[in-house]
file my_file22.txt (compact mmCIF, C-alpha atoms)
# COMPACT_ATOMS: atom_id res chain seq x y z
CA GLN S 1 -9.09 -2.95 16.64
CA LYS S 2 -7.33 -2.41 13.36
CA GLU S 3 -4.14 -4.44 13.10
CA VAL S 4 -1.96 -1.41 12.36
CA GLU S 5 -2.81 1.97 13.86
CA GLN S 6 -1.34 5.24 12.66
CA ASP S 7 -2.16 8.84 13.54
CA PRO S 8 -3.23 10.49 10.24
CA GLY S 9 -2.04 13.95 11.27
CA PRO S 10 -1.62 16.24 9.38
CA LEU S 11 1.84 17.11 10.62
CA SER S 12 3.44 20.44 9.67
CA VAL S 13 7.09 21.24 10.40
CA PRO S 14 9.64 23.84 9.25
CA GLU S 15 12.51 22.87 6.99
CA GLY S 16 15.39 21.32 8.93
CA ALA S 17 13.21 19.89 11.70
CA ILE S 18 13.45 16.33 12.96
CA VAL S 19 10.25 14.44 12.21
CA SER S 20 8.96 11.42 14.14
CA LEU S 21 6.23 9.27 12.62
CA ASN S 22 4.75 6.41 14.60
CA CYS S 23 2.58 3.32 14.34
CA THR S 24 1.43 0.58 16.65
CA TYR S 25 0.44 -2.93 15.72
CA SER S 26 -1.62 -5.56 17.47
CA ASN S 27 -0.24 -8.97 16.47
CA SER S 28 3.04 -9.97 18.08
CA ALA S 29 3.58 -12.50 15.28
CA PHE S 30 4.27 -9.73 12.75
CA GLN S 31 7.95 -9.68 11.84
CA TYR S 32 8.43 -7.51 8.74
CA PHE S 33 7.83 -3.79 8.88
CA MET S 34 7.95 -1.18 6.17
CA TRP S 35 7.50 2.50 5.56
CA TYR S 36 6.07 3.63 2.26
CA ARG S 37 6.02 7.19 1.00
CA GLN S 38 3.22 8.44 -1.20
CA TYR S 39 3.27 11.73 -3.08
CA SER S 40 0.01 13.34 -4.11
CA ARG S 41 -1.76 11.51 -6.96
CA LYS S 42 0.92 8.79 -7.04
CA GLY S 43 1.20 5.22 -5.86
CA PRO S 44 3.11 4.39 -2.67
CA GLU S 45 6.82 3.59 -2.95
CA LEU S 46 8.95 1.69 -0.46
CA LEU S 47 11.13 3.89 1.74
CA MET S 48 12.41 1.57 4.49
CA TYR S 49 12.19 -2.17 5.21
CA THR S 50 13.10 -3.78 8.55
CA TYR S 51 12.92 -7.28 9.94
CA SER S 52 12.21 -7.87 13.63
CA SER S 53 13.48 -5.38 16.22
CA GLY S 54 16.14 -2.72 16.01
CA ASN S 55 17.12 0.28 13.94
CA LYS S 56 17.86 0.72 10.28
CA GLU S 57 19.36 3.88 8.84
CA ASP S 58 19.36 5.14 5.26
CA GLY S 59 20.64 8.66 4.79
CA ARG S 60 18.34 11.05 6.62
CA PHE S 61 15.85 8.30 7.44
CA THR S 62 15.88 5.91 10.40
CA ALA S 63 13.34 3.14 10.94
CA GLN S 64 12.94 1.72 14.41
CA VAL S 65 10.98 -1.32 15.60
CA ASP S 66 10.28 -2.07 19.25
CA LYS S 67 8.62 -5.49 19.35
CA SER S 68 8.20 -5.43 23.13
CA SER S 69 5.80 -2.49 22.84
CA LYS S 70 4.63 -3.25 19.28
CA TYR S 71 5.77 0.18 18.17
CA ILE S 72 7.16 1.26 14.78
CA SER S 73 8.82 4.63 14.18
CA LEU S 74 10.28 6.55 11.26
CA PHE S 75 12.60 9.48 11.96
CA ILE S 76 13.48 12.03 9.31
CA ARG S 77 16.48 14.27 10.05
CA ASP S 78 16.99 17.67 8.43
CA SER S 79 13.56 17.52 6.81
CA GLN S 80 13.18 19.07 3.36
CA PRO S 81 10.15 20.41 1.46
CA SER S 82 10.58 17.43 -0.87
CA ASP S 83 9.75 15.17 2.10
CA SER S 84 6.18 16.52 2.04
CA ALA S 85 4.08 13.42 1.40
CA THR S 86 1.93 10.83 3.11
CA TYR S 87 3.90 8.18 5.01
CA LEU S 88 2.35 4.75 5.47
CA CYS S 89 3.58 2.10 7.85
CA ALA S 90 2.94 -1.50 6.88
CA THR S 91 3.51 -5.04 7.99
CA VAL S 92 3.10 -8.42 6.34
CA ASP S 93 0.05 -10.52 7.16
CA GLN S 94 0.56 -13.82 8.94
CA ALA S 95 0.17 -15.79 5.72
CA GLY S 96 3.05 -13.81 4.25
CA THR S 97 1.03 -12.93 1.19
CA ALA S 98 0.02 -9.28 1.46
CA LEU S 99 0.70 -6.03 3.26
CA ILE S 100 -1.44 -4.51 6.00
CA PHE S 101 -1.19 -0.73 6.02
CA GLY S 102 -1.75 1.97 8.57
CA LYS S 103 -3.96 4.89 7.53
CA GLY S 104 -0.98 7.08 6.68
CA THR S 105 0.35 10.34 8.16
CA THR S 106 0.38 13.43 5.94
CA LEU S 107 3.55 15.48 6.43
CA SER S 108 4.11 19.02 5.20
CA VAL S 109 7.58 20.58 5.41
CA SER S 110 7.63 24.34 4.85
CA SER S 111 10.65 26.26 3.57
CA ASP A 1 9.70 2.67 -12.41
CA ALA A 2 8.34 -0.85 -12.29
CA GLY A 3 6.38 -1.67 -15.43
CA ILE A 4 2.83 -1.38 -14.09
CA THR A 5 0.05 0.25 -16.04
CA GLN A 6 -3.42 0.80 -14.66
CA SER A 7 -6.34 1.65 -16.92
CA PRO A 8 -8.35 3.71 -16.99
CA ARG A 9 -6.72 6.42 -14.85
CA HIS A 10 -10.06 8.05 -14.17
CA LYS A 11 -13.61 6.79 -14.51
CA VAL A 12 -17.02 8.14 -13.66
CA THR A 13 -19.91 5.70 -13.72
CA GLU A 14 -23.45 5.34 -12.45
CA THR A 15 -24.75 3.19 -9.63
CA GLY A 16 -25.67 -0.30 -10.80
CA THR A 17 -23.37 -0.44 -13.81
CA PRO A 18 -20.55 -2.98 -14.15
CA VAL A 19 -17.00 -1.64 -14.13
CA THR A 20 -13.71 -3.36 -14.93
CA LEU A 21 -10.31 -1.99 -14.00
CA ARG A 22 -7.18 -3.36 -15.59
CA CYS A 23 -3.69 -3.79 -14.25
CA HIS A 24 -0.97 -4.71 -16.72
CA GLN A 25 2.63 -5.55 -15.76
CA THR A 26 5.72 -6.10 -17.87
CA GLU A 27 7.87 -7.50 -15.02
CA ASN A 28 6.62 -11.12 -15.16
CA HIS A 29 6.02 -11.00 -11.38
CA ARG A 30 4.02 -13.81 -9.81
CA TYR A 31 2.02 -11.83 -7.25
CA MET A 32 -0.49 -9.12 -8.09
CA TYR A 33 -2.72 -7.18 -5.71
CA TRP A 34 -5.67 -4.81 -5.78
CA TYR A 35 -5.94 -2.25 -2.98
CA ARG A 36 -8.37 0.59 -2.46
CA GLN A 37 -7.46 3.81 -0.67
CA ASP A 38 -10.01 5.94 1.15
CA PRO A 39 -9.65 8.88 3.55
CA GLY A 40 -9.74 7.63 7.11
CA HIS A 41 -9.12 4.02 6.08
CA GLY A 42 -5.80 3.99 4.31
CA LEU A 43 -4.97 1.19 1.89
CA ARG A 44 -7.07 -1.95 2.19
CA LEU A 45 -6.58 -5.20 0.28
CA ILE A 46 -9.43 -6.25 -2.02
CA HIS A 47 -8.07 -9.35 -3.77
CA TYR A 48 -4.72 -10.74 -4.70
CA SER A 49 -3.31 -13.31 -7.09
CA TYR A 50 -0.39 -15.69 -6.61
CA GLY A 51 -0.39 -17.04 -10.16
CA VAL A 52 -2.46 -17.47 -13.29
CA LYS A 53 -5.99 -18.41 -12.27
CA ASP A 54 -4.94 -18.40 -8.57
CA THR A 55 -6.65 -15.70 -6.58
CA ASP A 56 -7.80 -15.09 -3.03
CA LYS A 57 -9.87 -12.59 -1.10
CA GLY A 58 -8.60 -9.72 0.96
CA GLU A 59 -10.06 -7.61 3.74
CA VAL A 60 -12.72 -5.82 1.64
CA SER A 61 -13.64 -8.23 -1.15
CA ASP A 62 -17.45 -7.97 -1.01
CA GLY A 63 -18.83 -6.57 -4.27
CA TYR A 64 -15.60 -7.24 -6.20
CA SER A 65 -14.37 -10.08 -8.35
CA VAL A 66 -11.01 -10.60 -10.06
CA SER A 67 -9.57 -12.63 -12.87
CA ARG A 68 -6.06 -13.46 -13.99
CA SER A 69 -5.90 -15.39 -17.22
CA LYS A 70 -2.37 -14.24 -18.09
CA THR A 71 0.65 -13.47 -15.92
CA GLU A 72 0.70 -9.86 -17.04
CA ASP A 73 -2.95 -8.92 -16.52
CA PHE A 74 -5.07 -8.72 -13.36
CA LEU A 75 -8.63 -7.46 -13.76
CA LEU A 76 -10.84 -6.07 -11.01
CA THR A 77 -14.58 -6.09 -11.68
CA LEU A 78 -17.32 -4.31 -9.81
CA GLU A 79 -20.38 -6.31 -10.86
CA SER A 80 -22.85 -3.59 -9.91
CA ALA A 81 -21.11 -0.42 -8.78
CA THR A 82 -22.29 1.36 -5.64
CA SER A 83 -21.43 4.81 -4.29
CA SER A 84 -19.45 3.18 -1.46
CA GLN A 85 -17.04 1.89 -4.10
CA THR A 86 -16.01 5.42 -5.02
CA SER A 87 -12.30 5.27 -4.23
CA VAL A 88 -8.78 5.27 -5.61
CA TYR A 89 -7.77 1.78 -6.69
CA PHE A 90 -4.12 0.72 -6.71
CA CYS A 91 -2.61 -2.33 -8.31
CA ALA A 92 0.65 -3.70 -6.91
CA ILE A 93 3.05 -6.44 -7.95
CA SER A 94 5.68 -8.56 -6.24
CA GLU A 95 7.96 -11.28 -7.52
CA LYS A 96 8.21 -13.44 -4.40
CA GLY A 97 5.44 -12.26 -2.12
CA ALA A 98 5.09 -9.55 0.47
CA ASP A 99 7.27 -11.22 3.12
CA HIS A 100 10.30 -11.46 0.87
CA GLU A 101 10.43 -8.14 -0.83
CA LYS A 102 8.72 -4.86 -1.55
CA LEU A 103 5.58 -4.28 -3.52
CA PHE A 104 5.63 -2.01 -6.54
CA PHE A 105 2.51 0.08 -6.98
CA GLY A 106 0.86 1.50 -10.04
CA SER A 107 -0.31 5.12 -10.29
CA GLY A 108 -3.90 4.35 -9.36
CA THR A 109 -7.38 4.60 -10.87
CA GLN A 110 -9.75 7.23 -9.52
CA LEU A 111 -13.27 5.77 -9.68
CA SER A 112 -16.35 7.84 -8.98
CA VAL A 113 -19.74 6.12 -8.72
CA LEU A 114 -22.63 8.57 -8.94

call {"tool": "encode", "arguments": {"input": "my_file22.txt", "output": "structure tokens"}}
result
Amino acid sequence: QKEVEQDPGPLSVPEGAIVSLNCTYSNSAFQYFMWYRQYSRKGPELLMYTYSSGNKEDGRFTAQVDKSSKYISLFIRDSQPSDSATYLCATVDQAGTALIFGKGTTLSVSS
Amino acid sequence: DAGITQSPRHKVTETGTPVTLRCHQTENHRYMYWYRQDPGHGLRLIHYSYGVKDTDKGEVSDGYSVSRSKTEDFLLTLESATSSQTSVYFCAISEKGADHEKLFFGSGTQLSVL
């Protein structure tokens, strides 16, 4: 079992929709969780960073961690065509040295 | 953008030839990483460095070696390239390590092994 599982999609939504992206992880010792966004032919860039359980909000984006079910979510409100990208969830390995990524979910928002 | 430059941006090579990819940073960050990205697998760690001459293996290190003789440069070498190493390679940097802060990624190197 891969340590971080993510449905690759693709996911297509109309502009203005609420988008929910999800990941599960296997190791209960993981504490730091991130969402990276990657545009076509570019490197990933950090979107959201959370520690332990709970919600974190930044504009139209909300990251949620449920440690009891080992579930990570990213919600995008009022989605825009500019949100079209691949979204990767990630956590930090137990040694604290590197990131472990999910496979990424490709999102397309149509105007 | 973080000062990360990967070279070359694209490379086509033949099976069995050696290939070296370069990552250069101007941020003076301690940690540097090499990831590969493949459809159906996402980003997977190849090797990383936590200082000059200090390196360690990642999840998919077989067939790859690295060197870091200066803070700013991290080289990834494929000793004898195989078709399974066709991929997009990303370099990333971090000042304090992945558990303290975000990683900054370069723009990637598209490598095709024929």

call {"tool": "interface_residues", "arguments": {"input": "my_file22.txt", "of": "chain A", "to": "chain S", "cutoff": "12 Å", "atoms": "all atoms listed in the file", "output": "MDAnalysis selection string"}}
result
chainID A and resid 1:2 4:6 9:10 30:50 55:59 88:110

call {"tool": "atom_distance", "arguments": {"input": "my_file22.txt", "atom1": "CA of Asp7 (chain S)", "atom2": "CA of Gly59 (chain S)"}}
result
24.4 Å

call {"tool": "residues_around", "arguments": {"input": "my_file22.txt", "residues": "Ser52 (chain S)", "least_positions_apart": "3", "cutoff": "10 Å", "atoms": "only C-alpha atoms", "output": "PyMOL selection string"}}
result
chain S and resi 29-33+55+64-67

call {"tool": "residues_around", "arguments": {"input": "my_file22.txt", "residues": "Val12 (chain A)", "least_positions_apart": "4", "cutoff": "12 Å", "atoms": "only C-alpha atoms", "output": "PyMOL selection string"}}
result
chain A and resi 8+17-19+81-83+85-88+109-114

call {"tool": "atom_distance", "arguments": {"input": "my_file22.txt", "atom1": "CA of His29 (chain A)", "atom2": "CA of Glu79 (chain A)"}}
result
26.8 Å

call {"tool": "atom_distance", "arguments": {"input": "my_file22.txt", "atom1": "CA of His24 (chain A)", "atom2": "CA of Val60 (chain A)"}}
result
21.8 Å

call {"tool": "residues_around", "arguments": {"input": "my_file22.txt", "residues": "Val52 (chain A)", "least_positions_apart": "2", "cutoff": "7 Å", "atoms": "all atoms listed in the file", "output": "number ranges by chain"}}
result
A: 54, 68-71

call {"tool": "closest_residue", "arguments": {"input": "my_file22.txt", "among": "S:Ser12, S:Ser110, S:Ser26, S:Ser20", "to": "Lys70 (chain S)", "atoms": "all atoms listed in the file"}}
result
S:Ser26

call {"tool": "decode", "arguments": {"input": "my_file22.txt", "residues": "region 55-68 of chain A", "atoms": "all heavy atoms", "output": "PDB file, in the first residue's frame"}}
result
ATOM      1  N   THR A  55      24.554  13.026   1.432  1.00  0.00           N
ATOM      2  CA  THR A  55      23.412  12.630   0.616  1.00  0.00           C
ATOM      3  C   THR A  55      22.817  11.329   1.143  1.00  0.00           C
ATOM      4  O   THR A  55      23.476  10.590   1.893  1.00  0.00           O
ATOM      5  CB  THR A  55      23.816  12.425  -0.863  1.00  0.00           C
ATOM      6  OG1 THR A  55      24.725  11.330  -0.961  1.00  0.00           O
ATOM      7  CG2 THR A  55      24.460  13.679  -1.438  1.00  0.00           C
ATOM      8  N   ASP A  56      21.578  11.061   0.742  1.00  0.00           N
ATOM      9  CA  ASP A  56      20.936   9.818   1.151  1.00  0.00           C
ATOM     10  C   ASP A  56      19.953   9.398   0.066  1.00  0.00           C
ATOM     11  O   ASP A  56      19.534  10.205  -0.764  1.00  0.00           O
ATOM     12  CB  ASP A  56      20.209   9.989   2.481  1.00  0.00           C
ATOM     13  CG  ASP A  56      20.111   8.683   3.248  1.00  0.00           C
ATOM     14  OD1 ASP A  56      20.378   7.606   2.650  1.00  0.00           O
ATOM     15  OD2 ASP A  56      19.763   8.728   4.444  1.00  0.00           O
ATOM     16  N   LYS A  57      19.591   8.102   0.121  1.00  0.00           N
ATOM     17  CA  LYS A  57      18.726   7.545  -0.904  1.00  0.00           C
ATOM     18  C   LYS A  57      17.263   7.802  -0.602  1.00  0.00           C
ATOM     19  O   LYS A  57      16.856   7.887   0.565  1.00  0.00           O
ATOM     20  CB  LYS A  57      18.951   6.039  -1.010  1.00  0.00           C
ATOM     21  CG  LYS A  57      20.349   5.659  -1.454  1.00  0.00           C
ATOM     22  CD  LYS A  57      20.492   4.148  -1.500  1.00  0.00           C
ATOM     23  CE  LYS A  57      21.893   3.758  -1.952  1.00  0.00           C
ATOM     24  NZ  LYS A  57      22.064   2.287  -1.997  1.00  0.00           N
ATOM     25  N   GLY A  58      16.487   7.873  -1.664  1.00  0.00           N
ATOM     26  CA  GLY A  58      15.047   7.957  -1.543  1.00  0.00           C
ATOM     27  C   GLY A  58      14.388   6.669  -1.976  1.00  0.00           C
ATOM     28  O   GLY A  58      15.013   5.610  -2.044  1.00  0.00           O
ATOM     29  N   GLU A  59      13.112   6.777  -2.301  1.00  0.00           N
ATOM     30  CA  GLU A  59      12.273   5.614  -2.628  1.00  0.00           C
ATOM     31  C   GLU A  59      12.716   4.887  -3.887  1.00  0.00           C
ATOM     32  O   GLU A  59      12.633   3.658  -3.969  1.00  0.00           O
ATOM     33  CB  GLU A  59      10.824   6.095  -2.788  1.00  0.00           C
ATOM     34  CG  GLU A  59       9.829   5.038  -3.198  1.00  0.00           C
ATOM     35  CD  GLU A  59       8.453   5.634  -3.519  1.00  0.00           C
ATOM     36  OE1 GLU A  59       8.293   6.867  -3.390  1.00  0.00           O
ATOM     37  OE2 GLU A  59       7.565   4.860  -3.909  1.00  0.00           O
ATOM     38  N   VAL A  60      13.222   5.619  -4.901  1.00  0.00           N
ATOM     39  CA  VAL A  60      13.527   5.016  -6.199  1.00  0.00           C
ATOM     40  C   VAL A  60      14.953   5.348  -6.627  1.00  0.00           C
ATOM     41  O   VAL A  60      15.188   5.888  -7.701  1.00  0.00           O
ATOM     42  CB  VAL A  60      12.494   5.457  -7.264  1.00  0.00           C
ATOM     43  CG1 VAL A  60      11.144   4.851  -7.007  1.00  0.00           C
ATOM     44  CG2 VAL A  60      12.391   6.978  -7.336  1.00  0.00           C
ATOM     45  N   SER A  61      15.920   5.002  -5.817  1.00  0.00           N
ATOM     46  CA  SER A  61      17.306   5.391  -6.049  1.00  0.00           C
ATOM     47  C   SER A  61      18.088   4.450  -6.973  1.00  0.00           C
ATOM     48  O   SER A  61      19.163   4.837  -7.465  1.00  0.00           O
ATOM     49  CB  SER A  61      18.036   5.510  -4.711  1.00  0.00           C
ATOM     50  OG  SER A  61      18.009   4.260  -4.037  1.00  0.00           O
ATOM     51  N   ASP A  62      17.595   3.255  -7.224  1.00  0.00           N
ATOM     52  CA  ASP A  62      18.345   2.305  -8.049  1.00  0.00           C
ATOM     53  C   ASP A  62      18.598   2.868  -9.447  1.00  0.00           C
ATOM     54  O   ASP A  62      17.678   3.328 -10.111  1.00  0.00           O
ATOM     55  CB  ASP A  62      17.579   0.982  -8.176  1.00  0.00           C
ATOM     56  CG  ASP A  62      17.633   0.175  -6.893  1.00  0.00           C
ATOM     57  OD1 ASP A  62      18.428   0.534  -5.997  1.00  0.00           O
ATOM     58  OD2 ASP A  62      16.891  -0.814  -6.787  1.00  0.00           O
ATOM     59  N   GLY A  63      19.855   2.814  -9.889  1.00  0.00           N
ATOM     60  CA  GLY A  63      20.209   3.304 -11.214  1.00  0.00           C
ATOM     61  C   GLY A  63      20.599   4.767 -11.241  1.00  0.00           C
ATOM     62  O   GLY A  63      20.939   5.303 -12.297  1.00  0.00           O
ATOM     63  N   TYR A  64      20.543   5.424 -10.081  1.00  0.00           N
ATOM     64  CA  TYR A  64      20.877   6.856  -9.977  1.00  0.00           C
ATOM     65  C   TYR A  64      21.971   7.080  -8.930  1.00  0.00           C
ATOM     66  O   TYR A  64      22.017   6.377  -7.924  1.00  0.00           O
ATOM     67  CB  TYR A  64      19.666   7.670  -9.550  1.00  0.00           C
ATOM     68  CG  TYR A  64      18.462   7.595 -10.444  1.00  0.00           C
ATOM     69  CD1 TYR A  64      17.444   6.684 -10.178  1.00  0.00           C
ATOM     70  CD2 TYR A  64      18.329   8.437 -11.534  1.00  0.00           C
ATOM     71  CE1 TYR A  64      16.319   6.610 -10.979  1.00  0.00           C
ATOM     72  CE2 TYR A  64      17.203   8.379 -12.345  1.00  0.00           C
ATOM     73  CZ  TYR A  64      16.204   7.466 -12.057  1.00  0.00           C
ATOM     74  OH  TYR A  64      15.094   7.409 -12.850  1.00  0.00           O
ATOM     75  N   SER A  65      22.808   8.057  -9.181  1.00  0.00           N
ATOM     76  CA  SER A  65      23.752   8.518  -8.174  1.00  0.00           C
ATOM     77  C   SER A  65      23.701  10.045  -8.143  1.00  0.00           C
ATOM     78  O   SER A  65      23.231  10.677  -9.095  1.00  0.00           O
ATOM     79  CB  SER A  65      25.176   8.030  -8.475  1.00  0.00           C
ATOM     80  OG  SER A  65      25.627   8.552  -9.708  1.00  0.00           O
ATOM     81  N   VAL A  66      24.152  10.620  -7.038  1.00  0.00           N
ATOM     82  CA  VAL A  66      24.130  12.072  -6.888  1.00  0.00           C
ATOM     83  C   VAL A  66      25.466  12.541  -6.326  1.00  0.00           C
ATOM     84  O   VAL A  66      26.219  11.770  -5.729  1.00  0.00           O
ATOM     85  CB  VAL A  66      22.986  12.551  -5.970  1.00  0.00           C
ATOM     86  CG1 VAL A  66      21.623  12.350  -6.619  1.00  0.00           C
ATOM     87  CG2 VAL A  66      23.057  11.845  -4.621  1.00  0.00           C
ATOM     88  N   SER A  67      25.706  13.821  -6.511  1.00  0.00           N
ATOM     89  CA  SER A  67      26.873  14.430  -5.882  1.00  0.00           C
ATOM     90  C   SER A  67      26.561  15.878  -5.548  1.00  0.00           C
ATOM     91  O   SER A  67      25.825  16.553  -6.273  1.00  0.00           O
ATOM     92  CB  SER A  67      28.101  14.350  -6.793  1.00  0.00           C
ATOM     93  OG  SER A  67      27.919  15.121  -7.957  1.00  0.00           O
ATOM     94  N   ARG A  68      27.132  16.315  -4.443  1.00  0.00           N
ATOM     95  CA  ARG A  68      26.976  17.711  -4.036  1.00  0.00           C
ATOM     96  C   ARG A  68      28.313  18.182  -3.472  1.00  0.00           C
ATOM     97  O   ARG A  68      28.600  17.976  -2.299  1.00  0.00           O
ATOM     98  CB  ARG A  68      25.860  17.844  -3.001  1.00  0.00           C
ATOM     99  CG  ARG A  68      25.474  19.308  -2.779  1.00  0.00           C
ATOM    100  CD  ARG A  68      24.226  19.407  -1.997  1.00  0.00           C
ATOM    101  NE  ARG A  68      23.885  20.792  -1.718  1.00  0.00           N
ATOM    102  CZ  ARG A  68      23.073  21.154  -0.752  1.00  0.00           C
ATOM    103  NH1 ARG A  68      22.541  20.235   0.042  1.00  0.00           N
ATOM    104  NH2 ARG A  68      22.796  22.426  -0.577  1.00  0.00           N
TER     105      ARG A  68
END
